[in-house]
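Novice: So I've got this file, model.cif, and it contains mmCIF, C-alpha atoms:
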data_coords
loop_
_atom_site.group_PDB
_atom_site.id
_atom_site.type_symbol
_atom_site.label_atom_id
_atom_site.label_comp_id
_atom_site.auth_asym_id
_atom_site.auth_seq_id
_atom_site.Cartn_x
_atom_site.Cartn_y
_atom_site.Cartn_z
ATOM 1 C CA MET I 1 0.000 0.000 0.000
ATOM 2 C CA ALA I 2 3.045 2.264 0.071
ATOM 3 C CA VAL I 3 2.131 3.258 -3.483
ATOM 4 C CA TYR I 4 -0.551 5.544 -2.013
ATOM 5 C CA ASP I 5 1.738 7.306 0.456
ATOM 6 C CA GLY I 6 1.954 11.012 -0.244
ATOM 7 C CA ILE I 7 -1.298 11.159 -2.200
ATOM 8 C CA ALA I 8 -3.893 13.542 -0.758
ATOM 9 C CA ASP I 9 -6.876 11.872 0.895
ATOM 10 C CA GLU I 10 -9.223 13.834 -1.334
ATOM 11 C CA ASP I 11 -7.576 12.358 -4.431
ATOM 12 C CA LEU I 12 -7.646 8.885 -2.930
ATOM 13 C CA ILE I 13 -11.377 9.161 -2.314
ATOM 14 C CA LEU I 14 -11.965 10.124 -5.938
ATOM 15 C CA ARG I 15 -9.844 7.227 -7.188
ATOM 16 C CA LEU I 16 -11.665 4.837 -4.852
ATOM 17 C CA ARG I 17 -14.976 5.901 -6.344
ATOM 18 C CA GLU I 18 -13.552 5.348 -9.793
ATOM 19 C CA GLY I 19 -12.910 1.695 -8.973
ATOM 20 C CA GLU I 20 -9.599 1.337 -7.086
ATOM 21 C CA GLU I 21 -11.191 -0.690 -4.294
ATOM 22 C CA GLN I 22 -7.862 -1.473 -2.574
ATOM 23 C CA ILE I 23 -7.684 2.163 -1.525
ATOM 24 C CA MET I 24 -10.314 1.436 1.132
ATOM 25 C CA ASP I 25 -7.886 -0.920 2.885
ATOM 26 C CA TYR I 26 -5.257 1.815 2.767
ATOM 27 C CA ILE I 27 -7.627 4.401 4.281
ATOM 28 C CA ILE I 28 -8.683 2.011 7.037
ATOM 29 C CA SER I 29 -5.058 1.345 7.908
ATOM 30 C CA LYS I 30 -4.225 5.041 7.793
ATOM 31 C CA TYR I 31 -7.092 6.092 10.065
ATOM 32 C CA LYS I 32 -7.283 3.157 12.482
ATOM 33 C CA ASN I 33 -5.299 5.034 15.128
ATOM 34 C CA LEU I 34 -7.712 7.956 14.920
ATOM 35 C CA VAL I 35 -10.621 5.562 15.468
ATOM 36 C CA ARG I 36 -8.838 4.058 18.478
ATOM 37 C CA SER I 37 -8.071 7.465 19.946
ATOM 38 C CA LEU I 38 -11.625 8.742 19.626
ATOM 39 C CA SER I 39 -13.034 5.465 20.937
ATOM 40 C CA LYS I 40 -10.873 5.668 24.052
ATOM 41 C CA ARG I 41 -12.079 9.203 24.702
ATOM 42 C CA LEU I 42 -15.744 8.169 24.675
ATOM 43 C CA TYR I 43 -15.101 4.865 26.466
ATOM 44 C CA ILE I 44 -15.482 6.643 29.815
ATOM 45 C CA LEU I 45 -19.139 7.264 29.016
ATOM 46 C CA GLY I 46 -19.836 3.599 29.633
ATOM 47 C CA ALA I 47 -20.010 1.746 26.318
ATOM 48 C CA ASP I 48 -17.993 -1.394 25.569
ATOM 49 C CA TYR I 49 -14.622 -0.499 24.042
ATOM 50 C CA ASP I 50 -14.662 -3.220 21.373
ATOM 51 C CA ASP I 51 -18.154 -2.160 20.357
ATOM 52 C CA LEU I 52 -16.963 1.430 20.111
ATOM 53 C CA LEU I 53 -14.097 0.408 17.846
ATOM 54 C CA GLN I 54 -16.569 -1.263 15.509
ATOM 55 C CA GLU I 55 -18.818 1.786 15.562
ATOM 56 C CA GLY I 56 -15.834 4.021 14.914
ATOM 57 C CA MET I 57 -15.003 2.014 11.810
ATOM 58 C CA ILE I 58 -18.600 2.372 10.658
ATOM 59 C CA GLY I 59 -18.195 6.116 11.081
ATOM 60 C CA LEU I 60 -15.049 5.993 8.962
ATOM 61 C CA PHE I 61 -16.851 4.063 6.214
ATOM 62 C CA LYS I 62 -19.623 6.668 6.264
ATOM 63 C CA ALA I 63 -17.037 9.418 5.951
ATOM 64 C CA VAL I 64 -15.563 7.780 2.852
ATOM 65 C CA LYS I 65 -19.023 7.302 1.368
ATOM 66 C CA ASP I 66 -20.352 10.795 2.083
ATOM 67 C CA TYR I 67 -17.271 12.981 1.715
ATOM 68 C CA ASP I 68 -17.646 15.782 -0.823
ATOM 69 C CA PRO I 69 -14.284 17.432 -1.665
ATOM 70 C CA GLY I 70 -16.056 20.477 -3.053
ATOM 71 C CA ARG I 71 -18.250 21.057 -0.022
ATOM 72 C CA ASP I 72 -16.651 19.636 3.091
ATOM 73 C CA ALA I 73 -13.462 20.485 4.948
ATOM 74 C CA SER I 74 -10.408 18.248 4.693
ATOM 75 C CA PHE I 75 -11.154 14.545 4.711
ATOM 76 C CA TYR I 76 -9.392 14.177 8.074
ATOM 77 C CA THR I 77 -11.693 16.753 9.668
ATOM 78 C CA PHE I 78 -14.770 15.238 8.044
ATOM 79 C CA ALA I 79 -13.762 11.717 9.064
ATOM 80 C CA GLU I 80 -13.179 12.812 12.665
ATOM 81 C CA LEU I 81 -16.647 14.342 12.761
ATOM 82 C CA CYS I 82 -18.332 11.263 11.276
ATOM 83 C CA ILE I 83 -16.493 8.917 13.644
ATOM 84 C CA ASN I 84 -17.395 11.037 16.676
ATOM 85 C CA ARG I 85 -21.051 11.157 15.667
ATOM 86 C CA GLN I 86 -21.209 7.404 15.184
ATOM 87 C CA LEU I 87 -19.444 6.768 18.499
ATOM 88 C CA TYR I 88 -21.721 9.069 20.425
ATOM 89 C CA LYS I 89 -24.811 7.422 18.946
ATOM 90 C CA ALA I 90 -23.413 4.082 20.141
ATOM 91 C CA VAL I 91 -22.791 5.465 23.627
ATOM 92 C CA GLN I 92 -26.334 6.824 23.804
ATOM 93 C CA ALA I 93 -27.767 3.471 22.739
ATOM 94 C CA SER I 94 -25.599 1.623 25.260
ATOM 95 C CA ASN I 95 -26.640 3.874 28.120
ATOM 96 C CA ARG I 96 -30.377 4.044 27.495
ATOM 97 C CA GLU I 97 -31.024 1.229 29.956
ATOM 98 C CA LYS I 98 -28.255 2.079 32.396
ATOM 99 C CA HIS I 99 -27.001 5.609 32.655
ATOM 100 C CA SER I 100 -24.819 6.376 35.652
ATOM 101 C CA PHE I 101 -24.209 10.097 35.411
ATOM 102 C CA LEU I 102 -22.027 10.893 38.401
ATOM 103 C CA ASN I 103 -20.882 7.484 39.537
ATOM 104 C CA GLN I 104 -19.085 6.592 36.298
ATOM 105 C CA TYR I 105 -17.218 9.639 35.212
ATOM 106 C CA ILE I 106 -17.485 12.768 37.356
ATOM 107 C CA SER I 107 -14.835 13.279 40.003
ATOM 108 C CA LEU I 108 -15.471 15.951 42.595
ATOM 109 C CA TYR I 109 -11.757 16.636 42.742
ATOM 110 C CA SER I 110 -10.598 16.455 39.127
ATOM 111 C CA THR I 111 -10.695 18.871 36.223
ATOM 112 C CA SER I 112 -11.496 17.791 32.691
ATOM 113 C CA GLY I 113 -8.759 20.029 31.274
ATOM 114 C CA VAL I 114 -10.444 20.793 28.004
ATOM 115 C CA THR I 115 -7.976 22.054 25.446
ATOM 116 C CA GLY I 116 -8.633 25.642 24.534
ATOM 117 C CA GLU I 117 -10.912 26.315 27.477
ATOM 118 C CA GLU I 118 -9.965 28.720 30.233
ATOM 119 C CA ASP I 119 -11.546 26.602 32.940
ATOM 120 C CA GLY I 120 -11.923 22.868 33.092
ATOM 121 C CA PHE I 121 -15.050 21.453 34.677
ATOM 122 C CA ASP I 122 -13.921 20.980 38.259
ATOM 123 C CA LEU I 123 -17.206 20.106 39.921
ATOM 124 C CA LEU I 124 -15.936 20.839 43.402
ATOM 125 C CA GLU I 125 -14.800 24.297 42.307
ATOM 126 C CA THR I 126 -18.157 24.842 40.632
ATOM 127 C CA LEU I 127 -19.956 23.926 43.830
ATOM 128 C CA GLU I 128 -17.922 26.136 46.127
ATOM 129 C CA ASP I 129 -19.707 29.270 44.913
ATOM 130 C CA GLY I 130 -16.963 31.468 46.250
ATOM 131 C CA ARG I 131 -16.828 29.843 49.679
ATOM 132 C CA HIS I 132 -14.115 27.732 51.253
ATOM 133 C CA VAL I 133 -14.966 24.042 51.203
ATOM 134 C CA ASN I 134 -12.920 21.414 52.962
ATOM 135 C CA PRO I 135 -12.767 18.408 50.603
ATOM 136 C CA GLU I 136 -12.820 16.082 53.591
ATOM 137 C CA THR I 137 -16.317 17.307 54.406
ATOM 138 C CA VAL I 138 -17.620 16.666 50.890
ATOM 139 C CA VAL I 139 -18.858 13.136 51.305
ATOM 140 C CA ILE I 140 -21.548 11.616 49.152
ATOM 141 C CA ASP I 141 -22.469 8.074 50.089
ATOM 142 C CA SER I 142 -23.847 5.592 47.602
ATOM 143 C CA GLU I 143 -27.499 6.219 48.439
ATOM 144 C CA ASN I 144 -27.201 9.990 48.257
ATOM 145 C CA LEU I 145 -25.194 9.710 45.057
ATOM 146 C CA GLN I 146 -27.982 7.786 43.372
ATOM 147 C CA ALA I 147 -30.549 10.341 44.515
ATOM 148 C CA LEU I 148 -28.313 13.161 43.289
ATOM 149 C CA GLU I 149 -27.830 11.459 39.944
ATOM 150 C CA LYS I 150 -31.564 10.970 39.541
ATOM 151 C CA GLN I 151 -32.303 14.621 40.286
ATOM 152 C CA ILE I 152 -29.632 15.865 37.899
ATOM 153 C CA ASN I 153 -30.927 13.639 35.122
ATOM 154 C CA GLU I 154 -34.422 15.016 35.735
ATOM 155 C CA GLU I 155 -33.297 18.652 35.775
ATOM 156 C CA LEU I 156 -31.014 18.618 32.727
ATOM 157 C CA SER I 157 -32.588 18.744 29.290
ATOM 158 C CA GLU I 158 -31.562 16.119 26.747
ATOM 159 C CA PHE I 159 -29.389 18.665 24.950
ATOM 160 C CA GLU I 160 -27.725 19.835 28.174
ATOM 161 C CA GLN I 161 -27.005 16.209 29.089
ATOM 162 C CA GLU I 162 -25.504 15.496 25.672
ATOM 163 C CA VAL I 163 -23.279 18.564 25.825
ATOM 164 C CA LEU I 164 -22.118 17.756 29.351
ATOM 165 C CA ASP I 165 -21.427 14.119 28.442
ATOM 166 C CA LEU I 166 -19.132 15.139 25.613
ATOM 167 C CA TYR I 167 -17.545 18.009 27.520
ATOM 168 C CA LEU I 168 -16.522 15.618 30.280
ATOM 169 C CA THR I 169 -14.599 13.536 27.744
ATOM 170 C CA GLY I 170 -12.391 16.531 27.019
ATOM 171 C CA MET I 171 -14.086 17.472 23.762
ATOM 172 C CA PRO I 172 -13.963 21.248 23.012
ATOM 173 C CA TYR I 173 -17.027 23.380 22.302
ATOM 174 C CA LYS I 174 -16.631 23.547 18.551
ATOM 175 C CA GLU I 175 -16.320 19.779 18.202
ATOM 176 C CA ILE I 176 -19.292 19.169 20.498
ATOM 177 C CA ALA I 177 -21.341 21.620 18.439
ATOM 178 C CA ALA I 178 -20.370 19.829 15.226
ATOM 179 C CA VAL I 179 -21.166 16.369 16.608
ATOM 180 C CA LEU I 180 -24.561 17.491 17.918
ATOM 181 C CA LYS I 181 -25.248 19.720 14.883
ATOM 182 C CA LYS I 182 -25.736 22.824 17.008
ATOM 183 C CA THR I 183 -24.179 26.283 16.964
ATOM 184 C CA ASP I 184 -21.155 27.074 19.122
ATOM 185 C CA LYS I 185 -23.196 29.588 21.120
ATOM 186 C CA ALA I 186 -26.061 27.184 21.771
ATOM 187 C CA THR I 187 -23.572 24.547 22.902
ATOM 188 C CA GLU I 188 -21.762 26.915 25.262
ATOM 189 C CA ASN I 189 -25.058 28.148 26.720
ATOM 190 C CA ALA I 190 -26.254 24.579 27.290
ATOM 191 C CA LEU I 191 -23.076 23.727 29.181
ATOM 192 C CA GLN I 192 -23.347 26.815 31.374
ATOM 193 C CA ARG I 193 -26.977 25.964 32.158
ATOM 194 C CA ALA I 194 -25.975 22.403 33.055
ATOM 195 C CA LYS I 195 -23.229 23.619 35.391
ATOM 196 C CA GLY I 196 -25.616 26.054 37.041
ATOM 197 C CA LYS I 197 -28.266 23.398 37.577
ATOM 198 C CA ILE I 198 -25.762 20.927 39.050
ATOM 199 C CA LYS I 199 -24.385 23.578 41.424
ATOM 200 C CA LYS I 200 -27.882 24.538 42.568
ATOM 201 C CA ILE I 201 -28.898 20.929 43.137
ATOM 202 C CA VAL I 202 -25.824 19.990 45.162
ATOM 203 C CA LEU I 203 -25.752 23.176 47.254
ATOM 204 C CA THR I 204 -29.361 22.605 48.311
ATOM 205 C CA LYS I 205 -28.656 19.043 49.436
#
Hey, can you dump this file as structure tokens for me?
Specialist:
Amino acid sequence: MAVYDGIADEDLILRLREGEEQIMDYIISKYKNLVRSLSKRLYILGADYDDLLQEGMIGLFKAVKDYDPGRDASFYTFAELCINRQLYKAVQASNREKHSFLNQYISLYSTSGVTGEEDGFDLLETLEDGRHVNPETVVIDSENLQALEKQINEELSEFEQEVLDLYLTGMPYKEIAAVLKKTDKATENALQRAKGKIKKIVLTK
């Protein structure tokens, strides 16, 4: 497959559609690490990793099928978007019956560290509301955690939950907006609403 090295992805896609079927194997090999990387990022949302890898590959196939060189961005960017969308759909399907919002992936003492954001989502910092809080006094037992999770799930809209899910994986605003097909502003507003609701719920406990 070294014969295709150095050829632009956009040209490869066109040649694939003209009948060079072996190019698909080359593209899969070239982008398998991207699929793995994106799958690992969404793995913390609760889906099975092997299943996510398969879904990621489906997303890659869709990218090859739907890519329009005259309309879309670079193939890499388009493929990343398609893979992320497919992965998130798989996560949503996996978690319909069991969705553990706080217990699985929110740490009261850790920051998501989103690239390009001024403040990561440190839940403890969000909850302090300007007051000093001793971490040793912040104790949520299993029963209270389940009640808290239930209330948060009830208070957050579906869109706010989706944005928060992806934000907690480290995904930046613009990528979240693209995956969910929303504007950057709507995505940012949804996240701020979600943070505000979570802070209000926990501070009234």
Novice: Quick one: pull the distance between CA of Val35 (chain I) and CA of Lys62 (chain I), Å, one decimal.
Specialist: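 Value for the CA of Val35 (chain I)-CA of Lys62 (chain I) distance: 12.9 Å.
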Novice: Find the axis-aligned box for region 147-156 of chain I, covering all its listed atoms and adding 3 Å on each side, and write its centre and edge lengths in Å to one decimal as AutoDock Vina command-line options.
Specialist:
--center_x -31.1 --center_y 14.5 --center_z 38.6 --size_x 12.6 --size_y 14.3 --size_z 17.8
Novice: Have a look at I:Ala186, I:Leu45, I:Ala8, I:Met57 and name the one nearest to Ser29 (chain I); count all atoms listed in the file.
Specialist: I:Met57
Novice: By how many Å are CA of Arg41 (chain I) and CA of Tyr76 (chain I) apart?
Specialist: 17.6 Å
Novice: If I take CA of Glu149 (chain I) and CA of Gln161 (chain I), how far is one from the other in Å, to one decimal?
Specialist: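 Computed distance, CA of Glu149 (chain I) to CA of Gln161 (chain I), equals 11.9 Å.
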Novice: Using only C-alpha atoms, can you tell me which of I:Lys195, I:Asp48, I:Asn33, I:Thr77 comes closest to Leu168 (chain I)?
Specialist: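 For Leu168 (chain I), the nearest of the candidates is I:Lys195.
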Novice: Quick one: of I:Leu191, I:Ala177, I:Val163, I:Ile13, who's nearest to Asp25 (chain I), counting all atoms listed in the file?
Specialist: I:Ile13
Novice: Applying the PyMOL selection byres ((chain I and resi 181) around 12) to the file I just gave you, which residues come out? Please list them as a PyMOL selection string.
Specialist: chain I and resi 81-82+84-85+159+162-163+173-180+182-187
Novice: Nearest residue to Phe75 (chain I) out of I:Asp9, I:Ala90, I:Leu52, I:Lys32, using all atoms listed in the file?
Specialist: I:Asp9
Novice: Report as a Markdown table: every residue of region 27-106 of chain I with an atom at most 12 Å from region 15-20 of chain I, its closest pair of atoms, and their distance in Å to one decimal, counting only C-alpha atoms, with rows sorted by chain and ascending residue number.
Specialist:
| residue | atom | partner | partner_atom | distance |
| --- | --- | --- | --- | --- |
| I:Ile27 | CA | I:Leu16 | CA | 10.0 |
| I:Val64 | CA | I:Leu16 | CA | 9.1 |
| I:Lys65 | CA | I:Arg17 | CA | 8.8 |
| I:Asp66 | CA | I:Arg17 | CA | 11.1 |
| I:Tyr67 | CA | I:Arg17 | CA | 11.0 |
| I:Asp68 | CA | I:Arg17 | CA | 11.6 |
Novice: Would you please work out which residue, of I:Leu14, I:Ile152, I:Met171, I:Leu166, is nearest to Gly70 (chain I) when using all atoms listed in the file?
Specialist: I:Leu14
Novice: With a distance cut-off of 9 Å and all atoms listed in the file, select the neighbouring residues of Tyr4 (chain I), excluding the residue or stretch itself and same-chain residues fewer than 6 positions from it, and output the selection as a PDB file with C-alpha atoms, in the coordinates of the input.
Specialist:
ATOM      1  CA  LEU I  12      -7.646   8.885  -2.930  1.00  0.00           C
ATOM      2  CA  ILE I  23      -7.684   2.163  -1.525  1.00  0.00           C
ATOM      3  CA  TYR I  26      -5.257   1.815   2.767  1.00  0.00           C
TER       4      TYR I  26
END
Novice: Run the PyMOL selection byres ((chain I and resi 54) around 12) mentally over the shown coordinates, then write out the matched residues as a VMD selection string, using the chain letters and numbers from the document.
Specialist: chain I and resid 32 35 to 36 38 to 39 47 to 53 55 to 61 83 86 to 87 90
Novice: Using all atoms listed in the file, which of I:Ala2, I:Glu158, I:Gly170, I:Lys30 sits nearest Ala79 (chain I)?
Specialist: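 The closest residue to Ala79 (chain I) is I:Lys30.
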